[in-house]
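Written out below as structure tokens is the structure these notes cover.
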Number of protein chains: 2
Amino acid sequence: MQGQEILPAIAAHLLDSARANGGKAPSERHLAEHFSVSRGQVREALAILESMQVIERRAKSGIYVNTDNSGFEAMAFFARAGIPLESRQIYEAVEVRKIHEIKAAELAAVRATEEDFKRLQDVLERSEQRIAAGEGIDALDQEFHLQIVRATQNTLFLSICTSFYELGRQRLEVYFRDPDRNRKSHEEHKQIYEALVKRDAALTSALMVSHLRGVMSYWTELLEPHAPGS
Amino acid sequence: MQGQEILPAIAAHLLDSARANGGKAPSERHLAEHFSVSRGQVREALAILESMQVIERRAKSGIYVNTDNSGFEAMAFFARAGIPLESRQIYEAVEVRKIHEIKAAELAAVRATEEDFKRLQDVLERSEQRIAAGEGIDALDQEFHLQIVRATQNTLFLSICTSFYELGRQRLEVYFRDPDRNRKSHEEHKQIYEALVKRDAALTSALMVSHLRGVMSYWTELLEPHAPGS
DNA sequence: GTCCTGTTTTTGGTAATACCAGATCGAGTT
DNA sequence: AACTCGATCTGGTATTACCAAAAACAGGAC
């Protein structure tokens with residue numbers, strides 16, 4: 001029926017079961033019956049989850065779920081699968097993302113190609129159209145930031161940052177229901193773009209810092225504080 | 001015989017085969033026979049590799065290897081498995097690692113706890129002993145940097161950085177065969193530690209920058225240039 | 001009741017086999 | 001050279017079976 005679609009379902013089920021059962025998950029055979037798939041399918045899913053350190057399979061004993069799971073691979077997977085993260089994890093992710101974006105802006109100012117500028121300009125134009133039509137720019141906001149990272153010409157950097165973007169899909173949609181936020185965000189994007197074109201790394205970086213301050217506070221305000229520092 | 005140990009072997013085999021065969025890998029049945037394991041075992045390994053985007057499994061067609069593989073998960077896995085990376089990947093990884101380390105030093109200066117200081121001091125003491133004994137501090141060098149990241153109190157940050165450290169295991173051992181490098185590195189570590197204790201974020205960060213400049217140039221000098229910028 | 005002991009059940013690890021249906025490829029035809 | 005059609009290959013899935021160690025249980029000794 002569905003291909004790898006059982007993975008998220010199994011992952012969610014494991015987390016729930018483990019929470020209610022002290023870290024211990026149902027056996028492979030139970031999972032297979034529960035989801036009406038073969039044991040082989042379950043084992044494939046478990047192998048992936050184990051490779052992400054979400055679970056630990058102890059031979060002849062059982063499946064144990066890593067409750068204090070803060071690995072990057074796991075976080076990226078949860079984000080993709082729509083599995084909710086703990087507030088501490090979100091807080092940490094926001095902090096790391098911020099670090100990346102600021103440095104990316106700085107590097108992009110030096111390395112961006114003409115194609116990169118074109119892509120960014122395209123995003124800005126489409127944003128303008130959506131705002132004029134009274135729609136939210138949530139997807140375009142992400143794309144703008146993504147294209148900046150891409151402009152660093154570092155594909156590994158891009159890969160890492162992409163994982164972080166999936167984290168905020170749902171909430172971003174809510175955030176950009178507010179027309180004022182759309183306009184403000186778009187204006188700041190335009191400023192960043194102009195600094196980028198001028199290849200002023202320091203200015204681009206500074207603008208990104210203040211831009212993120214606004215966006216990120218929306219996230220962290222929803223959470224209990226977790227960072228010891230400022 | 002071996003548990004998940006076939007994964008690295010299969011991964012390496014797939015890469016070799018694909019290189020010699022234009023991206024196409026052997027079939028599951030062939031792989032199973034080649035490694036003398038069941039098809040189920042092969043499929044578990046393939047599921048993991050697919051989740052890392054190292055390969056793509058096309059139903060009823062075959063297994064295709066992502067040659068231009070620059071995903072973070074894949075890179076981390078290759079590093080762990082001892083599979084050599086392309087120079088471009090190493091270059092990118094070094095750059096990203098540098099970004100992380102510098103920011104980590106800055107954050108650690110603000111957030112480090114007494115336990116963090118203790119751990120760092122312990123690493124420094126053990127380094128001193130090894131140097132006095134005329135041994136290389138390769139493992140301790142990594143541990144020092146890792147403990148700084150840990151001192152940011154951001155476990156996600158730590159998770160990401162840990163993946164990068166695995167990247168340099170082998171070469172680091174060679175690097176620290178030179179007694180002068182050992183001494184120089186250790187001296188710089190001590191300075192960083194002192195700045196950290198003073199909670200001087202700017203100084204710590206600056207010291208880390210110059211410390212990394214030396215270490216990192218060793219890496220990048222071995223590679224063809226790949227970064228468009230400085 | 002508590003502790004020890006031996007048996008039964010459960011569990012992950014592994015293998016072997018079979019079937020499906022689309023893709024892939026090649027021989028034969030036009 | 002282009003097309004057609006059937007044999008083959010391939011990944012996807014399910015079923016069954018066996019192993020050995022861990023875990024759970026039952027029963028007896030103190």
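Every chain in the structure tokens takes a letter, A first, then B, and so on in the order presented; its residues are numbered from 1, and the ligands are numbered from 1 following the presented order.
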
Using only C-alpha atoms (C1' of nucleotides), determine which residues of chain A fall within 6 Å of chain C; present them as a compact mmCIF listing (two decimals) with N, CA and C atoms, in the first residue's frame.
# COMPACT_ATOMS: atom_id res chain seq x y z
N ALA A 59 19.74 -7.63 21.60
CA ALA A 59 19.43 -8.98 21.16
C ALA A 59 18.78 -9.79 22.27
N LYS A 60 17.72 -10.47 21.90
CA LYS A 60 17.02 -11.37 22.82
C LYS A 60 16.44 -10.65 24.04
N SER A 61 16.39 -9.35 23.99
CA SER A 61 15.85 -8.61 25.13
C SER A 61 14.68 -7.73 24.69

Using only C-alpha atoms (C1' of nucleotides), determine which residues of chain A fall within 10 Å of chain D; present them as a PyMOL selection string.
chain A and resi 3+37-41+58-62

Define the interface residues of chain B facing chain A as those within 9 Å, counting only C-alpha atoms, and report them as a VMD selection string.
chain B and resid 40 43 to 49 51 70 to 73 75 89 92 to 93 95 to 96 99 to 100 103 107 110 to 111 152 to 160 227 to 230

Residue neighbourhood Ile10 of chain A, 8 Å, only C-alpha atoms (C1' of nucleotides), exclusion window fewer than 2 positions, as a ChimeraX atom specification
/A:6-8,12-14,31,42,45

Got time to write the residues from that selection, N, CA and C atoms, as a PDB file, in the first residue's frame?
ATOM      1  N   ILE A   6       5.507   3.705   6.464  1.00  0.00           N
ATOM      2  CA  ILE A   6       5.274   3.158   7.799  1.00  0.00           C
ATOM      3  C   ILE A   6       6.319   3.644   8.788  1.00  0.00           C
ATOM      4  N   LEU A   7       7.440   4.131   8.300  1.00  0.00           N
ATOM      5  CA  LEU A   7       8.506   4.565   9.212  1.00  0.00           C
ATOM      6  C   LEU A   7       8.017   5.607  10.211  1.00  0.00           C
ATOM      7  N   PRO A   8       7.439   6.724   9.746  1.00  0.00           N
ATOM      8  CA  PRO A   8       6.962   7.718  10.710  1.00  0.00           C
ATOM      9  C   PRO A   8       5.931   7.145  11.662  1.00  0.00           C
ATOM     10  N   ALA A  12       6.462   7.093  15.656  1.00  0.00           N
ATOM     11  CA  ALA A  12       5.536   7.741  16.590  1.00  0.00           C
ATOM     12  C   ALA A  12       5.007   6.730  17.604  1.00  0.00           C
ATOM     13  N   HIS A  13       4.669   5.555  17.098  1.00  0.00           N
ATOM     14  CA  HIS A  13       4.140   4.514  17.978  1.00  0.00           C
ATOM     15  C   HIS A  13       5.161   4.107  19.032  1.00  0.00           C
ATOM     16  N   LEU A  14       6.411   3.985  18.612  1.00  0.00           N
ATOM     17  CA  LEU A  14       7.466   3.598  19.544  1.00  0.00           C
ATOM     18  C   LEU A  14       7.621   4.635  20.645  1.00  0.00           C
ATOM     19  N   LEU A  31       4.643  -5.220  16.751  1.00  0.00           N
ATOM     20  CA  LEU A  31       4.591  -4.083  15.833  1.00  0.00           C
ATOM     21  C   LEU A  31       4.105  -4.532  14.453  1.00  0.00           C
ATOM     22  N   VAL A  42       9.054  -4.210   9.477  1.00  0.00           N
ATOM     23  CA  VAL A  42       9.305  -3.586  10.774  1.00  0.00           C
ATOM     24  C   VAL A  42      10.799  -3.504  11.031  1.00  0.00           C
ATOM     25  N   ALA A  45      12.432  -0.645   9.239  1.00  0.00           N
ATOM     26  CA  ALA A  45      12.175   0.633   9.909  1.00  0.00           C
ATOM     27  C   ALA A  45      13.018   0.762  11.171  1.00  0.00           C
TER      28      ALA A  45
END

Contacts of Leu207 of chain A within 12 Å, only C-alpha atoms (C1' of nucleotides), excl. fewer than 4 positions in-chain, as a ChimeraX atom specification:
/A:101-103,105-106,109,185,187-196,200-203,211-214

Step one, run DSSP on the backbone; step two, keep only residues of segment 50-125 of chain A assigned to strand (DSSP E or B); then write them as a ChimeraX atom specification.
/A:55-58,62-65

Between atom CA of Ile148 of chain B and atom CA of Leu120 of chain B, distance in Å (one decimal)
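Separation between atom CA of Ile148 of chain B and atom CA of Leu120 of chain B: 7.6 Å.
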
Looking at A:Arg29, A:Arg19, A:Lys198, A:Arg80, which one is nearest to Gln170 of chain A, with distances taken over only C-alpha atoms?
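That would be A:Arg80, the residue with the smallest distance to Gln170 of chain A.
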
Write out as a ChimeraX atom specification all residues of segment 9-198 of chain B that backbone DSSP assigns to helix (DSSP H, G or I).
/B:9-21,28-35,39-51,72-81,87-111,114-132,138-150,155-175,179-197

Would you mind exporting C-alpha atoms of the selected residues as a CSV table (one decimal), in the first residue's frame?
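Written out: selection-v5.csv:
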chain,number,residue,atom,x,y,z
B,9,ALA,CA,31.2,-3.2,3.9
B,10,ILE,CA,28.1,-3.0,1.8
B,11,ALA,CA,28.3,0.8,1.6
B,12,ALA,CA,31.9,0.7,0.4
B,13,HIS,CA,31.0,-2.0,-2.1
B,14,LEU,CA,28.1,0.0,-3.4
B,15,LEU,CA,30.3,3.0,-3.9
B,16,ASP,CA,33.0,1.0,-5.8
B,17,SER,CA,30.5,-0.8,-8.0
B,18,ALA,CA,28.7,2.4,-8.8
B,19,ARG,CA,31.8,4.2,-9.7
B,20,ALA,CA,32.7,1.4,-12.1
B,21,ASN,CA,29.2,1.0,-13.4
B,28,GLU,CA,20.0,-7.1,-3.7
B,29,ARG,CA,20.3,-10.8,-4.6
B,30,HIS,CA,23.8,-10.3,-5.8
B,31,LEU,CA,24.9,-8.4,-2.8
B,32,ALA,CA,23.4,-11.0,-0.5
B,33,GLU,CA,25.4,-13.7,-2.3
B,34,HIS,CA,28.5,-11.6,-2.4
B,35,PHE,CA,28.5,-11.0,1.4
B,39,ARG,CA,18.5,-10.8,1.4
B,40,GLY,CA,16.9,-9.4,4.5
B,41,GLN,CA,20.2,-8.3,6.0
B,42,VAL,CA,21.0,-6.6,2.7
B,43,ARG,CA,17.7,-4.8,2.7
B,44,GLU,CA,18.2,-3.6,6.2
B,45,ALA,CA,21.5,-2.1,5.2
B,46,LEU,CA,20.0,-0.6,2.1
B,47,ALA,CA,17.2,0.9,4.1
B,48,ILE,CA,19.7,2.8,6.3
B,49,LEU,CA,21.7,3.9,3.3
B,50,GLU,CA,18.6,5.1,1.6
B,51,SER,CA,17.5,7.0,4.7
B,72,PHE,CA,25.4,15.7,6.5
B,73,GLU,CA,24.1,12.3,7.5
B,74,ALA,CA,26.0,10.5,4.8
B,75,MET,CA,29.2,12.4,5.6
B,76,ALA,CA,28.9,11.5,9.2
B,77,PHE,CA,28.4,7.9,8.3
B,78,PHE,CA,31.3,7.8,5.9
B,79,ALA,CA,33.6,9.3,8.5
B,80,ARG,CA,32.5,6.8,11.1
B,81,ALA,CA,32.9,3.9,8.6
B,87,SER,CA,38.4,16.6,-1.2
B,88,ARG,CA,35.6,18.9,-1.8
B,89,GLN,CA,33.6,17.3,1.0
B,90,ILE,CA,36.5,17.5,3.4
B,91,TYR,CA,37.0,21.2,2.5
B,92,GLU,CA,33.3,21.9,3.2
B,93,ALA,CA,33.4,20.0,6.4
B,94,VAL,CA,36.4,21.9,7.6
B,95,GLU,CA,34.8,25.2,6.9
B,96,VAL,CA,31.5,24.3,8.7
B,97,ARG,CA,33.4,22.8,11.6
B,98,LYS,CA,35.4,26.1,11.9
B,99,ILE,CA,32.2,28.1,12.1
B,100,HIS,CA,30.9,25.8,14.9
B,101,GLU,CA,34.0,25.8,16.9
B,102,ILE,CA,34.4,29.6,17.0
B,103,LYS,CA,30.9,30.2,18.0
B,104,ALA,CA,31.0,27.4,20.5
B,105,ALA,CA,34.0,29.0,22.2
B,106,GLU,CA,32.1,32.3,22.4
B,107,LEU,CA,29.0,30.6,24.0
B,108,ALA,CA,31.1,28.4,26.3
B,109,ALA,CA,32.7,31.5,27.8
B,110,VAL,CA,29.3,32.6,29.0
B,111,ARG,CA,27.7,29.3,29.9
B,114,GLU,CA,32.3,24.5,37.2
B,115,GLU,CA,32.1,20.9,36.0
B,116,ASP,CA,33.0,22.0,32.5
B,117,PHE,CA,36.0,23.9,33.7
B,118,LYS,CA,37.0,20.8,35.7
B,119,ARG,CA,36.7,18.6,32.6
B,120,LEU,CA,38.8,20.9,30.5
B,121,GLN,CA,41.4,21.2,33.1
B,122,ASP,CA,41.6,17.5,33.3
B,123,VAL,CA,42.1,17.2,29.6
B,124,LEU,CA,44.9,19.8,29.8
B,125,GLU,CA,46.6,17.9,32.6
B,126,ARG,CA,46.5,14.6,30.7
B,127,SER,CA,47.8,16.4,27.6
B,128,GLU,CA,50.7,17.7,29.7
B,129,GLN,CA,51.5,14.2,30.8
B,130,ARG,CA,51.5,12.8,27.3
B,131,ILE,CA,53.7,15.6,26.0
B,132,ALA,CA,56.1,15.0,28.9
B,138,ASP,CA,45.7,13.5,19.1
B,139,ALA,CA,42.8,12.1,21.0
B,140,LEU,CA,43.0,14.7,23.8
B,141,ASP,CA,43.0,17.5,21.3
B,142,GLN,CA,39.7,16.4,20.0
B,143,GLU,CA,38.4,15.9,23.6
B,144,PHE,CA,39.4,19.5,24.5
B,145,HIS,CA,37.5,20.9,21.6
B,146,LEU,CA,34.5,18.6,22.3
B,147,GLN,CA,34.4,19.7,25.9
B,148,ILE,CA,34.2,23.3,24.8
B,149,VAL,CA,31.2,22.5,22.7
B,150,ARG,CA,29.7,20.6,25.5
B,155,THR,CA,23.3,19.0,23.2
B,156,LEU,CA,22.2,19.4,19.6
B,157,PHE,CA,25.3,21.5,19.0
B,158,LEU,CA,27.4,18.8,20.6
B,159,SER,CA,25.8,16.2,18.4
B,160,ILE,CA,26.6,18.0,15.2
B,161,CYS,CA,30.2,18.7,16.2
B,162,THR,CA,30.8,15.2,17.3
B,163,SER,CA,30.1,14.0,13.8
B,164,PHE,CA,32.7,16.4,12.5
B,165,TYR,CA,35.4,15.1,14.9
B,166,GLU,CA,35.1,11.6,13.6
B,167,LEU,CA,36.1,13.0,10.2
B,168,GLY,CA,39.7,13.6,11.2
B,169,ARG,CA,40.7,10.7,13.4
B,170,GLN,CA,43.3,9.1,11.1
B,171,ARG,CA,45.0,12.3,9.9
B,172,LEU,CA,45.1,13.8,13.3
B,173,GLU,CA,47.2,11.0,14.5
B,174,VAL,CA,49.7,11.8,11.8
B,175,TYR,CA,49.5,15.5,12.6
B,179,PRO,CA,56.4,17.2,19.0
B,180,ASP,CA,56.4,20.9,18.1
B,181,ARG,CA,52.8,20.8,17.0
B,182,ASN,CA,51.9,19.1,20.2
B,183,ARG,CA,53.5,21.8,22.3
B,184,LYS,CA,52.1,24.6,20.2
B,185,SER,CA,48.6,23.2,20.3
B,186,HIS,CA,48.8,22.6,24.0
B,187,GLU,CA,49.9,26.1,24.7
B,188,GLU,CA,47.0,27.5,22.7
B,189,HIS,CA,44.6,25.2,24.5
B,190,LYS,CA,45.8,26.6,27.8
B,191,GLN,CA,45.3,30.1,26.6
B,192,ILE,CA,41.8,29.4,25.4
B,193,TYR,CA,41.1,27.7,28.7
B,194,GLU,CA,42.3,30.8,30.6
B,195,ALA,CA,40.2,33.1,28.5
B,196,LEU,CA,37.2,30.8,29.1
B,197,VAL,CA,37.7,30.9,32.9
